[in-house]
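All remarks here apply to the structure that follows.
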Amino acid sequence: MAQGRRLASAGSDPVRWLLIGVAVLFLTVFLVLPLACVFIEALARGPAVYWRSITDSDALSAMLLTLLTAGVAVPLNLVFGLAVAWCVAKFSFSGKTLLVTLIDLPFSVSPVVAGLAFVLLFGMQGLFGPWLAAHDIRIIFAVPGIFLVTIFVTVPFVARELIPAMQAQGTDEEQAALLLGASGWRTFWRVTLPGVRWALVYGVILCNARAMGEFGAVSVVSGHIRGQTNTLPLAVEILYNEYQFAAAFSVASLLTLLGLAALVARSLAERLQRRQAALATAATLSE
Amino acid sequence: MRAFGKRLGMLVLFVALAGAIPAFAAERHLLNVSYDPTREFYRDFNEAFGRYWQGKTGDTVVINQSHGGSSKQARSVIDGLEADVVTLALAYDIDAIHDNGNLLPAQWQARLPNASSPYTSTIVFLVRKGNPKGIKDWGDLTKRGVEVITPNPKTSGGARWNYLAAWAYVLKRELGDLARLKDPAQARAVEAAQNKAKAFVAELFTHVPILDTGARGSTNTFAQRGLGDVLLAWENEAFLTINELGADKVEIVVPSLSILAEPPVAVVDTFAYKHGSVDLAQGYLEYLYSPEGQRLAAKHYYRPSLPQHAAAEDLARFPKLELPTIREVFGTWRDVQRVHFSDGGVFDQITKAGK
């Protein structure tokens, strides 16, 4: 620490202050101000209007749909992410590179394109359209379509966090557990999962944030029916276009709060992890 | 971890239940897929219709609304957005729903009075307070330094009316009387006038800095972001902007001539039959022609097709100007679409030449 301080003061004072100033200015202009704007605009017409905007039936159903979407996309991606990360990290097989590339695909494809691709598949003029229409199954412009595209755009988050963690973990401990007679399932719960649990928590938090915030892909497949297929991000756009600025920013502030809550959860998880690591080190040393 | 598994199971169950509940709800549902500037009107109208229908049949009606650029909305219906009724900006978009997917019959426009347009509108100018650029008529829009805001005619119904109104203005200026368009003896004069109109519209679009996809997007560009000197807007949208922003910021300029915009409505047969809601959808559209429907249309700045039902003070707000129809100036919407807005059509030619 002392050495760090000496190193920092080695640079001349004006340069240091300039650098700090630039960083603070940048953060203020690009992060703090826009966030503050959301809350200021939301409360511009008083707390009563704010409360009415976020308890409006359309806003509530948008919130419910957003939470439901995250509730579907996150668990599915959790299971998928665990399975795929385990395969990729612990085994070598042909087509592994292809699999990793495919997991990254939603990162590199524009969400709008993803949405359109699902319309081309499940829309009435699409590949499965006639069959779906004949069996009265609605996917596009209905809730299942929103689930599908959200799952698509959030596929990489859990897997991407887990793969490096599982690779770092190696297979030695698992092999030891198996040799000592543990079942495969037990090895997974007692050895593999505890080792990567923090990576898993990060992945889930990021996946959740994206699932709730996705706009482009959902916008393409939603049909924008109020009270039915509007998620929170779409509701913000609609309210803004209806000149209901205070209401638009109120709903936007809800979304922002959900995002901030995810960040707080993440830093809490980080702190907890550091404390446990410290405890573990202390325990090893005292042995 | 076992507890976690149990909780996950309960979550899945909850999700499944939450998805299933709306399907068993008792009231009747109707989905109205509409274009951008009708939001405020249909919010009022749906409430009035709900009361009327409940009084008549005892059923409660839940009317769901979807709004967006007219052509984009038509495209969504074609792709399977199951609208019981469409209330769009122009007839061609409903023709498209017939052409692609055959979701309603070709003769849909003959099923309701006034070519299925319960209300009409027109295109006016919205300028900054005090009209600093001195805009009075279409000719002023191509003056040096004037920036014009309009949505993209490829995606927006309102923008196509803007374009056609500008075109009709030049034809009238050149020919003096639009009746000469139909006179075979005047073919040479008409052709010269058409060329002038094309040149004028081409020049007009060089004055457009931003093409939004829908009317509401353009209004926000002009009003909220403060871009441009003139907004070409639906009459009702222009009035609404003044109400929202205050008459101290913007004002309406009425040109000497504009176009009679006839936004049509139709039942989407395939979906209405599928939902068993044909009677409801039909009743909904017919109620637009009722005294109450007409009164509400006028209140929301749509020109009622049956003005006798509207309030006198609402009617007094509509300025008098010459309003030729599409049929008088251009023929059918299919012709207009093919000549002007299809790929490689006149609009594509003039915007490419402008670059």
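We label chains A, B, ... in the order they appear in the structure tokens, count residues from 1 in each chain, and number ligands from 1 in the order shown.
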Find the residues near A:Ala248: any atom within 8 Å, counting only C-alpha atoms, skip ones fewer than 2 places away on the same chain, and give them as a list in words.
Ala42, Ala235, Val236, Glu237, Ile238, Leu239, Tyr240, Gln244, Phe245, Ala246, Ser250, Val251 and Ala252 of chain A
In stretch 144-323 of chain B, DSSP helix (DSSP H, G or I) residues written as a PyMOL selection string
chain B and resi 157-175+178-182+184-206+215-223+235-245+269-275+278-287+291-299+307-309+312-315
Mind checking which residues fall within 7 Å of stretch 159-168 of chain B, counting only C-alpha atoms, ignoring those fewer than 6 positions away in the same chain, and posting them as number ranges by chain?
B: 123, 138, 150-153, 197, 201, 232, 258-259, 261, 329
Return as a tab-separated table the residues of chain A lying at most 7 Å from chain B, together with the closest atom-to-atom pair for each and the distance in Å to one decimal, counting only C-alpha atoms, with rows in chain order and ascending residue number.
residue	atom	partner	partner_atom	distance
A:Leu68	CA	B:Val15	CA	6.9
A:Gly123	CA	B:Asp79	CA	4.9
A:Met124	CA	B:Asp79	CA	4.7
A:Gln125	CA	B:Asp79	CA	5.7
A:Phe141	CA	B:Leu81	CA	5.5
A:Gly223	CA	B:Leu81	CA	6.3
A:His224	CA	B:Ser66	CA	5.3
A:Ile225	CA	B:Ser66	CA	4.7
A:Arg226	CA	B:Gln65	CA	6.0
A:Asn241	CA	B:Arg216	CA	6.4
Save out the residues we just selected, C-alpha atoms, as a short mmCIF file (atom, residue, chain, number, x, y, z; two decimals), in the first residue's frame.
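Resulting contents of part.cif:
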data_model
loop_
_atom_site.label_atom_id
_atom_site.label_comp_id
_atom_site.auth_asym_id
_atom_site.auth_seq_id
_atom_site.Cartn_x
_atom_site.Cartn_y
_atom_site.Cartn_z
CA LEU A 68 -41.90 -13.85 -15.99
CA GLY A 123 -44.45 -16.19 -38.34
CA MET A 124 -47.54 -16.97 -40.40
CA GLN A 125 -45.63 -16.71 -43.66
CA PHE A 141 -46.68 -11.76 -31.34
CA GLY A 223 -46.73 -7.09 -31.59
CA HIS A 224 -46.85 -4.33 -28.94
CA ILE A 225 -50.25 -5.27 -27.52
CA ARG A 226 -50.76 -3.26 -24.36
CA ASN A 241 -44.34 8.20 -27.82
#
For B:Gly345, which residue out of B:Glu27, B:Tyr35, B:Lys198, B:Gln107 is the nearest one, using only C-alpha atoms?
B:Lys198
Using Å and a single decimal, report how far atom CA of A:Gly259 sits from atom CA of A:Val24.
22.0 Å
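Counting only C-alpha atoms and comparing B:His29, B:Gly69, B:Asp177, B:Ala91, the residue that lies closest to B:Thr213 is B:Gly69.
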Which of A:Ala134, A:Val112, A:Leu255, A:Ala247 sits closest to A:Pro233 [using only C-alpha atoms]
A:Leu255
Would you kindly return, as a short mmCIF file (atom, residue, chain, number, x, y, z; two decimals) with N, CA and C atoms, in the first residue's frame, each protein, DNA or RNA residue with an atom no farther than 7 Å from any atom of B:Asp137, considering only C-alpha atoms and excluding same-chain residues fewer than 3 positions away?
data_model
loop_
_atom_site.label_atom_id
_atom_site.label_comp_id
_atom_site.auth_asym_id
_atom_site.auth_seq_id
_atom_site.Cartn_x
_atom_site.Cartn_y
_atom_site.Cartn_z
N ASP B 140 -43.17 27.24 -50.35
CA ASP B 140 -42.17 27.80 -49.44
C ASP B 140 -41.25 26.73 -48.84
N PRO B 255 -51.92 24.93 -45.69
CA PRO B 255 -51.60 25.28 -47.08
C PRO B 255 -52.88 25.51 -47.89
N SER B 256 -52.71 26.04 -49.11
CA SER B 256 -53.89 26.36 -49.93
C SER B 256 -54.60 25.08 -50.35
#
Can you list, as an MDAnalysis selection string, every protein, DNA or RNA residue that comes within 12 Å of A:Gln167 when you count only C-alpha atoms, leaving out same-chain residues fewer than 2 positions away?
chainID A and resid 85:92 159:165 169:172 192 195:196 199
Requested write-out: N, CA and C atoms of the selected residues, as a PDB file, in the first residue's frame:
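Now in part_6.pdb:
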ATOM      1  N   ALA A  85     -20.986 -25.812 -20.291  1.00  0.00           N
ATOM      2  CA  ALA A  85     -19.679 -25.450 -19.748  1.00  0.00           C
ATOM      3  C   ALA A  85     -18.963 -26.709 -19.263  1.00  0.00           C
ATOM      4  N   TRP A  86     -19.699 -27.598 -18.662  1.00  0.00           N
ATOM      5  CA  TRP A  86     -19.124 -28.856 -18.177  1.00  0.00           C
ATOM      6  C   TRP A  86     -18.542 -29.657 -19.342  1.00  0.00           C
ATOM      7  N   CYS A  87     -19.327 -29.779 -20.406  1.00  0.00           N
ATOM      8  CA  CYS A  87     -18.850 -30.491 -21.601  1.00  0.00           C
ATOM      9  C   CYS A  87     -17.578 -29.862 -22.137  1.00  0.00           C
ATOM     10  N   VAL A  88     -17.624 -28.530 -22.309  1.00  0.00           N
ATOM     11  CA  VAL A  88     -16.518 -27.849 -22.966  1.00  0.00           C
ATOM     12  C   VAL A  88     -15.272 -27.865 -22.089  1.00  0.00           C
ATOM     13  N   ALA A  89     -15.447 -27.659 -20.765  1.00  0.00           N
ATOM     14  CA  ALA A  89     -14.285 -27.499 -19.898  1.00  0.00           C
ATOM     15  C   ALA A  89     -13.640 -28.832 -19.527  1.00  0.00           C
ATOM     16  N   LYS A  90     -14.447 -29.889 -19.426  1.00  0.00           N
ATOM     17  CA  LYS A  90     -13.914 -31.124 -18.847  1.00  0.00           C
ATOM     18  C   LYS A  90     -13.615 -32.201 -19.881  1.00  0.00           C
ATOM     19  N   PHE A  91     -14.092 -32.032 -21.077  1.00  0.00           N
ATOM     20  CA  PHE A  91     -13.899 -33.082 -22.074  1.00  0.00           C
ATOM     21  C   PHE A  91     -13.340 -32.481 -23.338  1.00  0.00           C
ATOM     22  N   SER A  92     -12.685 -33.332 -24.132  1.00  0.00           N
ATOM     23  CA  SER A  92     -12.346 -32.836 -25.462  1.00  0.00           C
ATOM     24  C   SER A  92     -13.054 -33.738 -26.472  1.00  0.00           C
ATOM     25  N   ALA A 159     -22.978 -19.636 -19.580  1.00  0.00           N
ATOM     26  CA  ALA A 159     -21.936 -20.521 -20.104  1.00  0.00           C
ATOM     27  C   ALA A 159     -20.585 -19.808 -20.161  1.00  0.00           C
ATOM     28  N   ARG A 160     -20.595 -18.541 -20.624  1.00  0.00           N
ATOM     29  CA  ARG A 160     -19.353 -17.781 -20.766  1.00  0.00           C
ATOM     30  C   ARG A 160     -18.668 -17.547 -19.424  1.00  0.00           C
ATOM     31  N   GLU A 161     -19.445 -17.355 -18.360  1.00  0.00           N
ATOM     32  CA  GLU A 161     -18.851 -17.167 -17.033  1.00  0.00           C
ATOM     33  C   GLU A 161     -18.296 -18.494 -16.508  1.00  0.00           C
ATOM     34  N   LEU A 162     -18.996 -19.602 -16.824  1.00  0.00           N
ATOM     35  CA  LEU A 162     -18.644 -20.889 -16.219  1.00  0.00           C
ATOM     36  C   LEU A 162     -17.451 -21.549 -16.892  1.00  0.00           C
ATOM     37  N   ILE A 163     -17.333 -21.399 -18.215  1.00  0.00           N
ATOM     38  CA  ILE A 163     -16.292 -22.153 -18.933  1.00  0.00           C
ATOM     39  C   ILE A 163     -14.897 -21.880 -18.372  1.00  0.00           C
ATOM     40  N   PRO A 164     -14.455 -20.599 -18.231  1.00  0.00           N
ATOM     41  CA  PRO A 164     -13.110 -20.384 -17.671  1.00  0.00           C
ATOM     42  C   PRO A 164     -12.984 -20.906 -16.239  1.00  0.00           C
ATOM     43  N   ALA A 165     -14.055 -20.731 -15.441  1.00  0.00           N
ATOM     44  CA  ALA A 165     -13.986 -21.186 -14.057  1.00  0.00           C
ATOM     45  C   ALA A 165     -13.802 -22.700 -14.005  1.00  0.00           C
ATOM     46  N   GLN A 169     -10.646 -24.993 -12.724  1.00  0.00           N
ATOM     47  CA  GLN A 169     -10.884 -25.991 -11.684  1.00  0.00           C
ATOM     48  C   GLN A 169     -10.187 -27.313 -12.013  1.00  0.00           C
ATOM     49  N   GLY A 170     -10.081 -27.624 -13.283  1.00  0.00           N
ATOM     50  CA  GLY A 170      -9.428 -28.876 -13.682  1.00  0.00           C
ATOM     51  C   GLY A 170     -10.266 -30.090 -13.316  1.00  0.00           C
ATOM     52  N   THR A 171      -9.728 -31.290 -13.533  1.00  0.00           N
ATOM     53  CA  THR A 171     -10.512 -32.501 -13.278  1.00  0.00           C
ATOM     54  C   THR A 171      -9.942 -33.342 -12.145  1.00  0.00           C
ATOM     55  N   ASP A 172      -8.835 -32.881 -11.531  1.00  0.00           N
ATOM     56  CA  ASP A 172      -8.177 -33.709 -10.501  1.00  0.00           C
ATOM     57  C   ASP A 172      -9.097 -34.045  -9.336  1.00  0.00           C
ATOM     58  N   THR A 192     -17.832 -30.378  -8.093  1.00  0.00           N
ATOM     59  CA  THR A 192     -17.816 -29.490  -9.260  1.00  0.00           C
ATOM     60  C   THR A 192     -18.530 -28.172  -8.968  1.00  0.00           C
ATOM     61  N   GLY A 195     -17.117 -25.489  -6.489  1.00  0.00           N
ATOM     62  CA  GLY A 195     -15.922 -24.829  -7.009  1.00  0.00           C
ATOM     63  C   GLY A 195     -16.236 -23.677  -7.942  1.00  0.00           C
ATOM     64  N   VAL A 196     -17.379 -23.729  -8.626  1.00  0.00           N
ATOM     65  CA  VAL A 196     -17.671 -22.684  -9.614  1.00  0.00           C
ATOM     66  C   VAL A 196     -18.886 -21.861  -9.207  1.00  0.00           C
ATOM     67  N   ALA A 199     -18.834 -18.050 -10.045  1.00  0.00           N
ATOM     68  CA  ALA A 199     -18.973 -17.794 -11.484  1.00  0.00           C
ATOM     69  C   ALA A 199     -20.425 -17.990 -11.896  1.00  0.00           C
TER      70      ALA A 199
END
